[in-house]
Structure formats: structure tokens, C-alpha cells
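J.: Next up, my_file-v1.cif (mmCIF, C-alpha atoms).
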```cif
data_final
loop_
_atom_site.group_PDB
_atom_site.id
_atom_site.type_symbol
_atom_site.label_atom_id
_atom_site.label_comp_id
_atom_site.auth_asym_id
_atom_site.auth_seq_id
_atom_site.Cartn_x
_atom_site.Cartn_y
_atom_site.Cartn_z
ATOM 1 C CA MET M 194 0.000 0.000 0.000
ATOM 2 C CA LYS M 195 0.982 3.611 -0.589
ATOM 3 C CA TYR M 196 1.407 5.670 2.612
ATOM 4 C CA ALA M 197 1.192 9.405 3.311
ATOM 5 C CA VAL M 198 2.699 10.839 6.498
ATOM 6 C CA ILE M 199 1.173 14.078 7.771
ATOM 7 C CA GLY M 200 3.365 15.469 10.525
ATOM 8 C CA SER M 201 6.957 14.327 10.217
ATOM 9 C CA GLY M 202 8.214 15.129 13.711
ATOM 10 C CA ALA M 203 9.084 12.861 16.641
ATOM 11 C CA ILE M 204 6.326 10.348 15.817
ATOM 12 C CA GLY M 205 5.695 10.623 12.077
ATOM 13 C CA GLY M 206 9.382 11.026 11.304
ATOM 14 C CA TYR M 207 10.366 7.972 13.338
ATOM 15 C CA TYR M 208 7.684 5.490 12.266
ATOM 16 C CA GLY M 209 7.502 6.866 8.720
ATOM 17 C CA GLY M 210 11.281 6.607 8.542
ATOM 18 C CA LEU M 211 11.151 2.928 9.501
ATOM 19 C CA LEU M 212 8.542 2.287 6.793
ATOM 20 C CA ALA M 213 10.647 4.119 4.192
ATOM 21 C CA ARG M 214 13.848 2.313 5.204
ATOM 22 C CA ASN M 215 12.122 -1.004 4.514
ATOM 23 C CA GLY M 216 11.131 0.065 0.997
ATOM 24 C CA THR M 217 7.484 0.919 1.673
ATOM 25 C CA ASP M 218 6.045 3.502 -0.736
ATOM 26 C CA VAL M 219 5.888 6.461 1.707
ATOM 27 C CA HIS M 220 5.248 10.146 0.972
ATOM 28 C CA PHE M 221 5.995 12.804 3.597
ATOM 29 C CA LEU M 222 4.200 16.139 3.851
ATOM 30 C CA LEU M 223 6.540 18.648 5.474
ATOM 31 C CA HIS M 224 6.433 22.293 6.480
ATOM 32 C CA SER M 225 9.541 24.043 7.797
ATOM 33 C CA ASP M 226 11.789 20.992 7.213
ATOM 34 C CA TYR M 227 10.755 20.451 3.602
ATOM 35 C CA GLN M 228 13.867 21.753 1.796
ATOM 36 C CA TYR M 229 16.265 20.104 4.247
ATOM 37 C CA VAL M 230 14.555 16.693 4.171
ATOM 38 C CA LYS M 231 14.160 16.801 0.388
ATOM 39 C CA GLU M 232 17.927 17.281 0.030
ATOM 40 C CA GLN M 233 19.283 15.413 3.059
ATOM 41 C CA GLY M 234 16.621 12.849 3.989
ATOM 42 C CA LEU M 235 15.638 11.833 7.509
ATOM 43 C CA GLN M 236 18.228 11.093 10.191
ATOM 44 C CA ILE M 237 17.036 8.753 12.966
ATOM 45 C CA ASP M 238 19.275 8.197 15.991
ATOM 46 C CA SER M 239 17.735 5.176 17.708
ATOM 47 C CA ILE M 240 18.481 2.821 20.564
ATOM 48 C CA ASN M 241 17.895 0.099 17.978
ATOM 49 C CA GLY M 242 20.544 1.502 15.615
ATOM 50 C CA ASN M 243 21.006 4.824 13.825
ATOM 51 C CA PHE M 244 20.030 5.204 10.196
ATOM 52 C CA LYS M 245 19.537 7.804 7.488
ATOM 53 C CA VAL M 246 16.984 7.434 4.708
ATOM 54 C CA SER M 247 16.122 9.425 1.593
ATOM 55 C CA VAL M 248 12.375 10.043 1.368
ATOM 56 C CA ASN M 249 9.678 11.385 -0.949
ATOM 57 C CA ALA M 250 9.221 14.900 0.462
ATOM 58 C CA TYR M 251 6.480 17.404 -0.399
ATOM 59 C CA ALA M 252 5.694 20.953 0.681
ATOM 60 C CA LYS M 253 2.113 20.952 -0.653
ATOM 61 C CA PRO M 254 -0.566 18.255 -0.313
ATOM 62 C CA GLU M 255 -1.742 18.783 -3.896
ATOM 63 C CA ASP M 256 1.683 17.636 -5.127
ATOM 64 C CA MET M 257 1.376 14.260 -3.379
ATOM 65 C CA PRO M 258 -0.053 11.112 -4.950
ATOM 66 C CA LEU M 259 -3.383 9.875 -3.604
ATOM 67 C CA CYS M 260 -2.439 7.243 -1.038
ATOM 68 C CA ASP M 261 -4.148 4.159 0.387
ATOM 69 C CA VAL M 262 -3.158 5.050 3.960
ATOM 70 C CA ALA M 263 -2.562 8.352 5.738
ATOM 71 C CA ILE M 264 -0.650 8.439 9.002
ATOM 72 C CA VAL M 265 -1.725 11.505 10.981
ATOM 73 C CA ALA M 266 1.089 12.434 13.363
ATOM 74 C CA LEU M 267 0.435 16.156 13.714
ATOM 75 C CA LYS M 268 0.056 17.662 17.148
ATOM 76 C CA THR M 269 -3.670 17.833 17.877
ATOM 77 C CA THR M 270 -3.337 21.625 18.097
ATOM 78 C CA ASN M 271 -2.961 21.527 14.290
ATOM 79 C CA ASN M 272 -5.964 19.281 13.614
ATOM 80 C CA HIS M 273 -7.829 22.225 12.076
ATOM 81 C CA LEU M 274 -5.529 21.733 9.067
ATOM 82 C CA LEU M 275 -6.768 18.203 8.383
ATOM 83 C CA GLU M 276 -9.989 19.247 6.656
ATOM 84 C CA ALA M 277 -7.941 20.683 3.810
ATOM 85 C CA LEU M 278 -5.134 18.089 3.910
ATOM 86 C CA LEU M 279 -6.701 14.651 4.252
ATOM 87 C CA PRO M 280 -8.929 14.618 1.133
ATOM 88 C CA GLN M 281 -5.902 15.567 -0.995
ATOM 89 C CA VAL M 282 -3.549 12.841 0.237
ATOM 90 C CA VAL M 283 -5.688 9.752 0.950
ATOM 91 C CA LYS M 284 -8.464 7.989 -0.939
ATOM 92 C CA GLN M 285 -12.026 8.633 0.249
ATOM 93 C CA ASP M 286 -12.385 4.955 1.182
ATOM 94 C CA GLY M 287 -8.789 4.608 2.351
ATOM 95 C CA ILE M 288 -7.349 4.069 5.821
ATOM 96 C CA VAL M 289 -6.396 6.844 8.249
ATOM 97 C CA VAL M 290 -4.085 5.927 11.132
ATOM 98 C CA VAL M 291 -4.328 8.589 13.848
ATOM 99 C CA MET M 292 -1.107 8.494 15.894
ATOM 100 C CA GLN M 293 -1.909 11.245 18.386
ATOM 101 C CA ASN M 294 -2.296 11.663 22.123
ATOM 102 C CA GLY M 295 -5.617 12.363 23.759
ATOM 103 C CA PHE M 296 -9.244 11.331 23.741
ATOM 104 C CA GLY M 297 -11.642 11.271 20.782
ATOM 105 C CA VAL M 298 -8.952 12.426 18.352
ATOM 106 C CA GLU M 299 -10.033 9.900 15.697
ATOM 107 C CA GLN M 300 -13.424 11.581 15.305
ATOM 108 C CA VAL M 301 -11.819 14.526 13.487
ATOM 109 C CA ALA M 302 -10.684 12.251 10.649
ATOM 110 C CA ALA M 303 -13.972 10.306 10.713
ATOM 111 C CA ASP M 304 -15.933 13.528 10.160
ATOM 112 C CA ILE M 305 -13.731 14.567 7.227
ATOM 113 C CA LEU M 306 -13.682 11.149 5.516
ATOM 114 C CA PRO M 307 -16.882 9.293 6.488
ATOM 115 C CA LYS M 308 -16.169 6.431 4.044
ATOM 116 C CA ALA M 309 -12.640 5.821 5.328
ATOM 117 C CA THR M 310 -11.529 3.258 7.897
ATOM 118 C CA ILE M 311 -10.175 5.047 10.961
ATOM 119 C CA ILE M 312 -7.534 3.354 13.086
ATOM 120 C CA GLY M 313 -6.122 4.773 16.282
ATOM 121 C CA GLY M 314 -2.422 4.324 17.013
ATOM 122 C CA LEU M 315 -1.180 4.626 20.590
ATOM 123 C CA CYS M 316 2.579 5.131 20.620
ATOM 124 C CA PHE M 317 4.542 4.083 23.708
ATOM 125 C CA ILE M 318 7.832 5.720 22.864
ATOM 126 C CA GLY M 319 10.455 8.190 23.947
ATOM 127 C CA SER M 320 11.130 10.152 20.769
ATOM 128 C CA THR M 321 12.072 13.787 20.171
ATOM 129 C CA LYS M 322 12.741 15.902 17.125
ATOM 130 C CA ILE M 323 16.089 17.578 17.811
ATOM 131 C CA GLY M 324 16.706 19.322 14.481
ATOM 132 C CA PRO M 325 15.462 19.612 10.889
ATOM 133 C CA GLY M 326 14.704 16.068 9.735
ATOM 134 C CA TYR M 327 16.539 14.765 12.819
ATOM 135 C CA ILE M 328 14.763 12.433 15.260
ATOM 136 C CA LYS M 329 16.201 10.970 18.472
ATOM 137 C CA HIS M 330 14.547 7.750 19.641
ATOM 138 C CA SER M 331 15.585 7.098 23.247
ATOM 139 C CA ASP M 332 13.155 4.539 24.671
ATOM 140 C CA PHE M 333 10.481 1.930 23.877
ATOM 141 C CA GLY M 334 8.697 2.149 20.491
ATOM 142 C CA MET M 335 5.620 -0.094 20.699
ATOM 143 C CA VAL M 336 2.413 0.891 18.893
ATOM 144 C CA ASN M 337 -1.031 -0.432 19.799
ATOM 145 C CA LEU M 338 -3.441 -0.196 16.872
ATOM 146 C CA GLY M 339 -7.225 -0.315 17.203
ATOM 147 C CA HIS M 340 -10.240 0.111 14.908
ATOM 148 C CA TYR M 341 -12.085 3.300 15.866
ATOM 149 C CA MET M 342 -15.718 3.006 16.942
ATOM 150 C CA PRO M 343 -17.477 6.351 17.647
ATOM 151 C CA ASP M 344 -19.543 4.844 20.480
ATOM 152 C CA GLY M 345 -16.469 3.593 22.314
ATOM 153 C CA SER M 346 -17.287 -0.081 21.804
ATOM 154 C CA ALA M 347 -14.753 -2.749 20.822
ATOM 155 C CA GLY M 348 -14.190 -2.751 17.065
ATOM 156 C CA GLY M 349 -12.421 -6.104 17.022
ATOM 157 C CA ILE M 350 -9.513 -7.154 14.808
ATOM 158 C CA THR M 351 -10.695 -5.994 11.377
ATOM 159 C CA PRO M 352 -9.047 -6.839 8.017
ATOM 160 C CA GLU M 353 -7.802 -3.239 7.667
ATOM 161 C CA LEU M 354 -6.301 -3.394 11.157
ATOM 162 C CA LYS M 355 -4.496 -6.618 10.255
ATOM 163 C CA LEU M 356 -3.122 -5.037 7.055
ATOM 164 C CA ILE M 357 -1.617 -2.043 8.857
ATOM 165 C CA THR M 358 -0.235 -4.200 11.662
ATOM 166 C CA GLU M 359 1.467 -6.528 9.162
ATOM 167 C CA ASP M 360 3.019 -3.608 7.273
ATOM 168 C CA PHE M 361 4.349 -2.153 10.527
ATOM 169 C CA LEU M 362 5.750 -5.467 11.771
ATOM 170 C CA VAL M 363 7.588 -6.122 8.505
ATOM 171 C CA CYS M 364 9.331 -2.744 8.903
ATOM 172 C CA GLY M 365 10.532 -3.480 12.429
ATOM 173 C CA ILE M 366 7.803 -1.540 14.241
ATOM 174 C CA ASP M 367 6.630 -3.315 17.399
ATOM 175 C CA ALA M 368 2.926 -3.167 16.499
ATOM 176 C CA LYS M 369 0.072 -4.932 18.270
ATOM 177 C CA PRO M 370 -3.593 -4.957 17.193
ATOM 178 C CA VAL M 371 -6.119 -4.456 19.992
ATOM 179 C CA GLU M 372 -9.825 -5.214 20.038
ATOM 180 C CA ASN M 373 -10.886 -2.184 22.086
ATOM 181 C CA LEU M 374 -9.264 1.130 21.137
ATOM 182 C CA SER M 375 -11.267 3.165 23.661
ATOM 183 C CA PHE M 376 -9.982 1.022 26.533
ATOM 184 C CA LEU M 377 -6.402 1.648 25.426
ATOM 185 C CA ARG M 378 -7.043 5.402 25.035
ATOM 186 C CA TRP M 379 -8.244 5.618 28.635
ATOM 187 C CA GLN M 380 -5.351 3.478 29.845
ATOM 188 C CA LYS M 381 -2.783 5.737 28.194
ATOM 189 C CA LEU M 382 -4.471 8.812 29.681
ATOM 190 C CA VAL M 383 -3.738 7.353 33.124
ATOM 191 C CA TRP M 384 -0.056 8.128 32.411
ATOM 192 C CA ASN M 385 -0.391 11.124 30.101
ATOM 193 C CA VAL M 386 -2.735 13.254 32.212
ATOM 194 C CA PRO M 387 -0.502 13.540 35.306
ATOM 195 C CA PHE M 388 2.955 13.385 33.738
ATOM 196 C CA ASN M 389 2.375 15.776 30.834
ATOM 197 C CA GLY M 390 0.645 18.465 32.873
ATOM 198 C CA LEU M 391 2.772 18.257 36.007
ATOM 199 C CA SER M 392 6.015 18.280 34.005
ATOM 200 C CA VAL M 393 4.987 21.775 32.826
ATOM 201 C CA VAL M 394 3.413 23.108 36.023
ATOM 202 C CA LEU M 395 6.245 21.824 38.252
ATOM 203 C CA ASN M 396 8.987 22.248 35.619
ATOM 204 C CA SER M 397 10.310 18.715 36.119
ATOM 205 C CA ASN M 398 11.075 15.601 34.117
ATOM 206 C CA THR M 399 9.717 12.171 35.033
ATOM 207 C CA ALA M 400 12.512 11.102 37.406
ATOM 208 C CA GLU M 401 12.308 14.265 39.505
ATOM 209 C CA LEU M 402 8.505 14.078 39.687
ATOM 210 C CA LEU M 403 8.744 10.545 41.044
ATOM 211 C CA LYS M 404 11.632 11.242 43.419
ATOM 212 C CA GLN M 405 9.691 13.717 45.576
ATOM 213 C CA HIS M 406 7.080 12.072 47.824
ATOM 214 C CA ASP M 407 4.440 14.783 47.439
ATOM 215 C CA SER M 408 4.603 14.941 43.646
ATOM 216 C CA ARG M 409 4.573 11.137 43.427
ATOM 217 C CA GLU M 410 1.437 11.007 45.571
ATOM 218 C CA LEU M 411 -0.176 13.730 43.456
ATOM 219 C CA ILE M 412 0.588 11.746 40.285
ATOM 220 C CA LYS M 413 -1.024 8.665 41.805
ATOM 221 C CA SER M 414 -4.114 10.623 42.891
ATOM 222 C CA ILE M 415 -4.583 11.969 39.361
ATOM 223 C CA MET M 416 -4.084 8.480 37.938
ATOM 224 C CA LEU M 417 -6.787 7.082 40.218
ATOM 225 C CA GLU M 418 -9.155 9.879 39.150
ATOM 226 C CA VAL M 419 -8.618 8.973 35.478
ATOM 227 C CA ILE M 420 -9.176 5.284 36.257
ATOM 228 C CA ALA M 421 -12.443 6.089 38.080
ATOM 229 C CA ALA M 422 -13.617 8.168 35.108
ATOM 230 C CA ALA M 423 -12.755 5.370 32.681
ATOM 231 C CA ASN M 424 -14.835 2.914 34.689
ATOM 232 C CA ALA M 425 -17.764 5.338 34.802
ATOM 233 C CA CYS M 426 -17.516 5.569 30.996
ATOM 234 C CA GLY M 427 -17.733 1.803 30.583
ATOM 235 C CA GLN M 428 -14.037 0.902 30.335
ATOM 236 C CA SER M 429 -13.032 -1.448 33.133
ATOM 237 C CA LEU M 430 -9.597 -0.318 34.324
ATOM 238 C CA SER M 431 -8.121 -1.716 37.536
ATOM 239 C CA ALA M 432 -6.921 0.738 40.191
ATOM 240 C CA SER M 433 -3.770 -1.382 40.519
ATOM 241 C CA ILE M 434 -2.414 -0.111 37.181
ATOM 242 C CA ALA M 435 -1.645 3.263 38.805
ATOM 243 C CA GLU M 436 1.070 1.829 41.042
ATOM 244 C CA SER M 437 2.365 -0.497 38.309
ATOM 245 C CA MET M 438 2.716 2.479 35.934
ATOM 246 C CA LEU M 439 4.614 4.443 38.579
ATOM 247 C CA VAL M 440 6.993 1.563 39.235
ATOM 248 C CA ASN M 441 7.479 0.894 35.523
ATOM 249 C CA THR M 442 8.280 4.572 34.879
ATOM 250 C CA GLU M 443 10.765 4.577 37.785
ATOM 251 C CA THR M 444 12.562 1.356 36.902
ATOM 252 C CA ASN M 445 12.243 0.834 33.140
ATOM 253 C CA MET M 446 12.124 4.313 31.661
ATOM 254 C CA GLN M 447 14.972 6.761 31.230
ATOM 255 C CA ASP M 448 14.457 10.227 32.732
ATOM 256 C CA TYR M 449 12.166 11.823 30.191
ATOM 257 C CA ALA M 450 10.678 15.214 29.332
ATOM 258 C CA PRO M 451 7.061 14.516 28.283
ATOM 259 C CA SER M 452 5.979 16.001 24.957
ATOM 260 C CA MET M 453 3.940 18.745 26.617
ATOM 261 C CA LYS M 454 7.002 19.999 28.513
ATOM 262 C CA VAL M 455 9.023 20.063 25.281
ATOM 263 C CA ASP M 456 6.221 22.000 23.556
ATOM 264 C CA TYR M 457 5.991 24.468 26.446
ATOM 265 C CA GLU M 458 9.742 25.104 26.441
ATOM 266 C CA HIS M 459 9.582 25.830 22.693
ATOM 267 C CA ASN M 460 6.574 28.155 23.072
ATOM 268 C CA ARG M 461 4.343 25.819 21.062
ATOM 269 C CA PRO M 462 0.607 25.395 21.782
ATOM 270 C CA LEU M 463 -0.174 22.647 24.294
ATOM 271 C CA GLU M 464 -2.550 19.750 23.645
ATOM 272 C CA ILE M 465 -4.859 20.763 26.490
ATOM 273 C CA ASP M 466 -8.106 20.089 24.638
ATOM 274 C CA ALA M 467 -7.121 16.642 23.356
ATOM 275 C CA ILE M 468 -5.490 15.301 26.526
ATOM 276 C CA TYR M 469 -7.640 17.044 29.147
ATOM 277 C CA GLN M 470 -10.815 18.799 28.022
ATOM 278 C CA SER M 471 -12.217 16.037 25.795
ATOM 279 C CA MET M 472 -11.734 13.512 28.599
ATOM 280 C CA ILE M 473 -13.183 15.842 31.266
ATOM 281 C CA ASP M 474 -16.248 16.534 29.099
ATOM 282 C CA ARG M 475 -16.778 12.826 28.387
ATOM 283 C CA ALA M 476 -16.510 11.959 32.087
ATOM 284 C CA ALA M 477 -19.000 14.707 32.965
ATOM 285 C CA LEU M 478 -21.574 13.029 30.692
ATOM 286 C CA SER M 479 -21.240 9.972 32.939
ATOM 287 C CA GLY M 480 -21.635 12.048 36.097
ATOM 288 C CA VAL M 481 -17.957 12.277 37.039
ATOM 289 C CA ASP M 482 -16.347 15.615 37.946
ATOM 290 C CA MET M 483 -12.598 15.245 37.341
ATOM 291 C CA LYS M 484 -11.498 17.935 39.777
ATOM 292 C CA LEU M 485 -7.760 17.224 39.717
ATOM 293 C CA ALA M 486 -7.545 16.944 35.937
ATOM 294 C CA ARG M 487 -9.675 20.073 35.551
ATOM 295 C CA MET M 488 -7.425 22.025 37.926
ATOM 296 C CA LEU M 489 -4.338 20.864 36.025
ATOM 297 C CA ALA M 490 -5.907 21.946 32.723
ATOM 298 C CA GLN M 491 -6.759 25.341 34.227
ATOM 299 C CA GLN M 492 -3.159 25.796 35.382
ATOM 300 C CA LEU M 493 -1.870 24.905 31.908
ATOM 301 C CA ARG M 494 -4.276 27.391 30.313
ATOM 302 C CA TYR M 495 -3.085 30.082 32.725
ATOM 303 C CA LEU M 496 0.591 29.421 31.937
ATOM 304 C CA THR M 497 -0.017 29.529 28.188
ATOM 305 C CA HIS M 498 -2.601 32.366 28.171
ATOM 306 C CA ASP M 499 -5.069 29.918 26.619
ATOM 307 C CA ASP M 500 -8.631 30.859 27.572
ATOM 308 C CA GLY M 501 -10.068 27.690 26.049
ATOM 309 C CA HIS M 502 -11.990 29.502 23.316
#
```
Re-express the file's structure as C-alpha cells.

T.:
Amino acid sequence: MKYAVIGSGAIGGYYGGLLARNGTDVHFLLHSDYQYVKEQGLQIDSINGNFKVSVNAYAKPEDMPLCDVAIVALKTTNNHLLEALLPQVVKQDGIVVVMQNGFGVEQVAADILPKATIIGGLCFIGSTKIGPGYIKHSDFGMVNLGHYMPDGSAGGITPELKLITEDFLVCGIDAKPVENLSFLRWQKLVWNVPFNGLSVVLNSNTAELLKQHDSRELIKSIMLEVIAAANACGQSLSASIAESMLVNTETNMQDYAPSMKVDYEHNRPLEIDAIYQSMIDRAALSGVDMKLARMLAQQLRYLTHDDGH
């Protein structure tokens, strides 16, 4: 299949680079890095081995071929661009793989391309863009892929999901198909909600947040709030995963600056709506007031002068 990559940063650049290295027909839509990547290619420094790959680079979506699959790896703060981009780069009945953080992010693509198959990709990875066309992969790299169902039900292992998973596995991407995407979205929020927000508000990376007793307890309290909200919304998450996530982050993960902290330090918009507000609003429909998450979102809006409108 022919792939388009929209958003060639830490996520799109890394996974798209692996696809391209393996000879997959991949086409990258770039913005500020276009000229550099067109001439120099993508440089990936990875714990699994460094590599450089020449790629098909484009500055305009209308110059790209119509692809079978589009990988959406933009920050959710740029999702307003997708209405103009997606129909130009992927077939109406194609496959869109949404590799973004947050809750309900797949619905944006589903609204734009109602005939397309929408797959959510949850990336468990430490990856950072450190220069033009230059990605540093420092930890993990697994991707869980699930078929998107607007009502939050389990979509099962569909033929399209199998196709994407097989393509990823062949290229060395640790991909796993899951039956229930919504469950996995909530589970990832258990980590993302406390660590992303607190890394900005407390100006600390993961190791420092876990080293201090008070911040560790605050992280756990926020995790338990997310777990309670998930259960109220019909996704059965065990409270025990909070402590297991804390221990796993302490023992198996290098000290890491979450993506929101990196964005804040570079004066980029933060993914407050996707990671916080969408989840808070969904929980409220089930009668749950996420007070800690809401307070964290309010602090982030204050720091970034984002009034939420």
C-alpha cells in the first residue's frame, strides 16, 4: 500500500522513517523541514541503531499522490488543518491511522472522511525531534493499533487493522492490534494526564517528579481519578495499574521530558483540549467531575494564556 505521512516530527518522522527504510512507498508532507529533508533525507538516531533514509518529500498536499493510507502524526493543536489536507492525500475509502495523544482524536478524521476506515495508534515511545529532519529515539517504540468506533465499543480485529499491523511489523515496528481502542485510550491517559501536565506546572522531568514524595502522591491521585472516570464511561480499568505504571516509569524508563514539557519550552501550543478537556467533558456526561484533571488543565491554560476559546 501507498502511505502518506502528515506530521513528520518525533512520531511521524520515526515510524515513517522505519517504513521508508524497509522500501514501503511512503510520501511525507513537510512544512519548515521540507527543503532540508528533500535534500538530506531523515536522520534517525535510535536505541535500535542509527540510520539515514532518503524520502519522498512534499511541501504541498496537492503535489502528493493519492495514497491508500494516511498516518496523521500532527500535534492535535494543528488538527484544524486536516480538513484541507486529508482529502488531498488519501483515498475517500482509504485508511487513516491517527497516531496522536488524547481522547476522541479519531473523530476529526472520521468527520472529514466518512467512508474511510479510521484506526487509532497509541505510541509508547520516547522520541524527540532535535533538528530539521533529525529524530532521536531514546526509549520503547511499541504501537497499539485499534479500529475506531465512535460509540467507544470494541471494534475487534478488522481486516484493515491486520493489514496495517502486518506492514508495521515487517518494517521493524513493534505493532500490536487491539480489540478495544477506547480502553487503550483511557489506559494511556492514566499516564499522560498527570505526567504531561505536572512536568509543565512543576517544571520537572519524570525522574524528579517521582523522586519527591508529594509529587509522586499527586501523580497517583490523578491516575486514580482517570481510572475512576474510565470505569464510569464503561471501560473497566483496575486501580492497581496506577502503582504499576509508577513503578514501571521509575525502573524501566529513562528520565524523560514529556511532549507537553518540550512544547511548552519551545513556546508551542499545548494539547490541552485533546489530553484534558475532551476527557473531562466525556466523564461529565457519565456524572464524574474530574477535579484534579480540571485544575491541572486550568493551570496549563493560565501558563499559556489559553482561555479555552

J.: Go through M:Ile204, M:Leu489, M:Ile288, M:Val440 and flag the residue nearest M:Thr321, using all atoms listed in the file for the distances.

T.: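 Answer, going by the shortest atom-to-atom distance: M:Ile204.
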
J.: Show which residues sit within 8 Å of stretch 388-399 of chain M, as a list in words. Count all atoms listed in the file, and ignore same-chain residues fewer than 2 positions away.

T.: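 The residues that qualify are Trp384, Asn385, Val386, Glu401, Leu402, Leu403, Ile412, Thr442, Asp448, Tyr449, Ala450, Pro451, Ser452, Met453, Lys454, Tyr457, Leu489, Ala490, Gln492 and Leu493 of chain M.
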
J.: Taking (12.1, 15.7, 1.7) as a centre in this file's frame and 9 Å as the limit, can you find every polymer residue with an atom that close, using all atoms listed in the file, and give them as a count of residues only?

T.: 21

J.: Set the distance at 9 Å and use all atoms listed in the file: which residues neighbour M:Asp218 once local chain neighbours fewer than 5 positions away are removed? I'd like the list as a PyMOL selection string.

T.: chain M and resi 194-197+212-213+249

J.: On this structure, which residues satisfy the PyMOL selection byres ((chain M and resi 472-475) around 9), written as a short mmCIF file (atom, residue, chain, number, x, y, z; two decimals) with C-alpha atoms, in the coordinates of the input?

T.:
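Output file expr-v2.cif is given in full below:
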```
data_model
loop_
_atom_site.label_atom_id
_atom_site.label_comp_id
_atom_site.auth_asym_id
_atom_site.auth_seq_id
_atom_site.Cartn_x
_atom_site.Cartn_y
_atom_site.Cartn_z
CA GLY M 295 -5.62 12.36 23.76
CA PHE M 296 -9.24 11.33 23.74
CA GLY M 297 -11.64 11.27 20.78
CA TRP M 379 -8.24 5.62 28.64
CA LEU M 382 -4.47 8.81 29.68
CA VAL M 419 -8.62 8.97 35.48
CA ALA M 422 -13.62 8.17 35.11
CA CYS M 426 -17.52 5.57 31.00
CA ASP M 466 -8.11 20.09 24.64
CA ALA M 467 -7.12 16.64 23.36
CA ILE M 468 -5.49 15.30 26.53
CA TYR M 469 -7.64 17.04 29.15
CA GLN M 470 -10.82 18.80 28.02
CA SER M 471 -12.22 16.04 25.80
CA ALA M 476 -16.51 11.96 32.09
CA ALA M 477 -19.00 14.71 32.97
CA LEU M 478 -21.57 13.03 30.69
CA SER M 479 -21.24 9.97 32.94
CA VAL M 481 -17.96 12.28 37.04
CA ASP M 482 -16.35 15.62 37.95
CA MET M 483 -12.60 15.24 37.34
CA LYS M 484 -11.50 17.93 39.78
CA ALA M 486 -7.54 16.94 35.94
CA ARG M 487 -9.68 20.07 35.55
#
```

J.: So which one's closest to M:Leu463, M:Met335, M:Leu496, M:Met446, M:Val363? Using all atoms listed in the file, please.

T.: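 When distances to M:Leu463 are compared using all atoms listed in the file, the smallest one comes from M:Leu496.
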
J.: Residues at most 10 Å from M:Tyr207, counting only C-alpha atoms, excluding those fewer than 5 positions away in the same chain, as a list in words?

T.: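 Listed by chain and then number, they are Ser201, Gly202, Leu212, Ala213, Leu235, Gln236, Ile237, Asp238, Ser239, Ser320, Thr321, Lys322, Gly326, Tyr327, Ile328, Lys329, His330, Gly334 and Ile366 of chain M.
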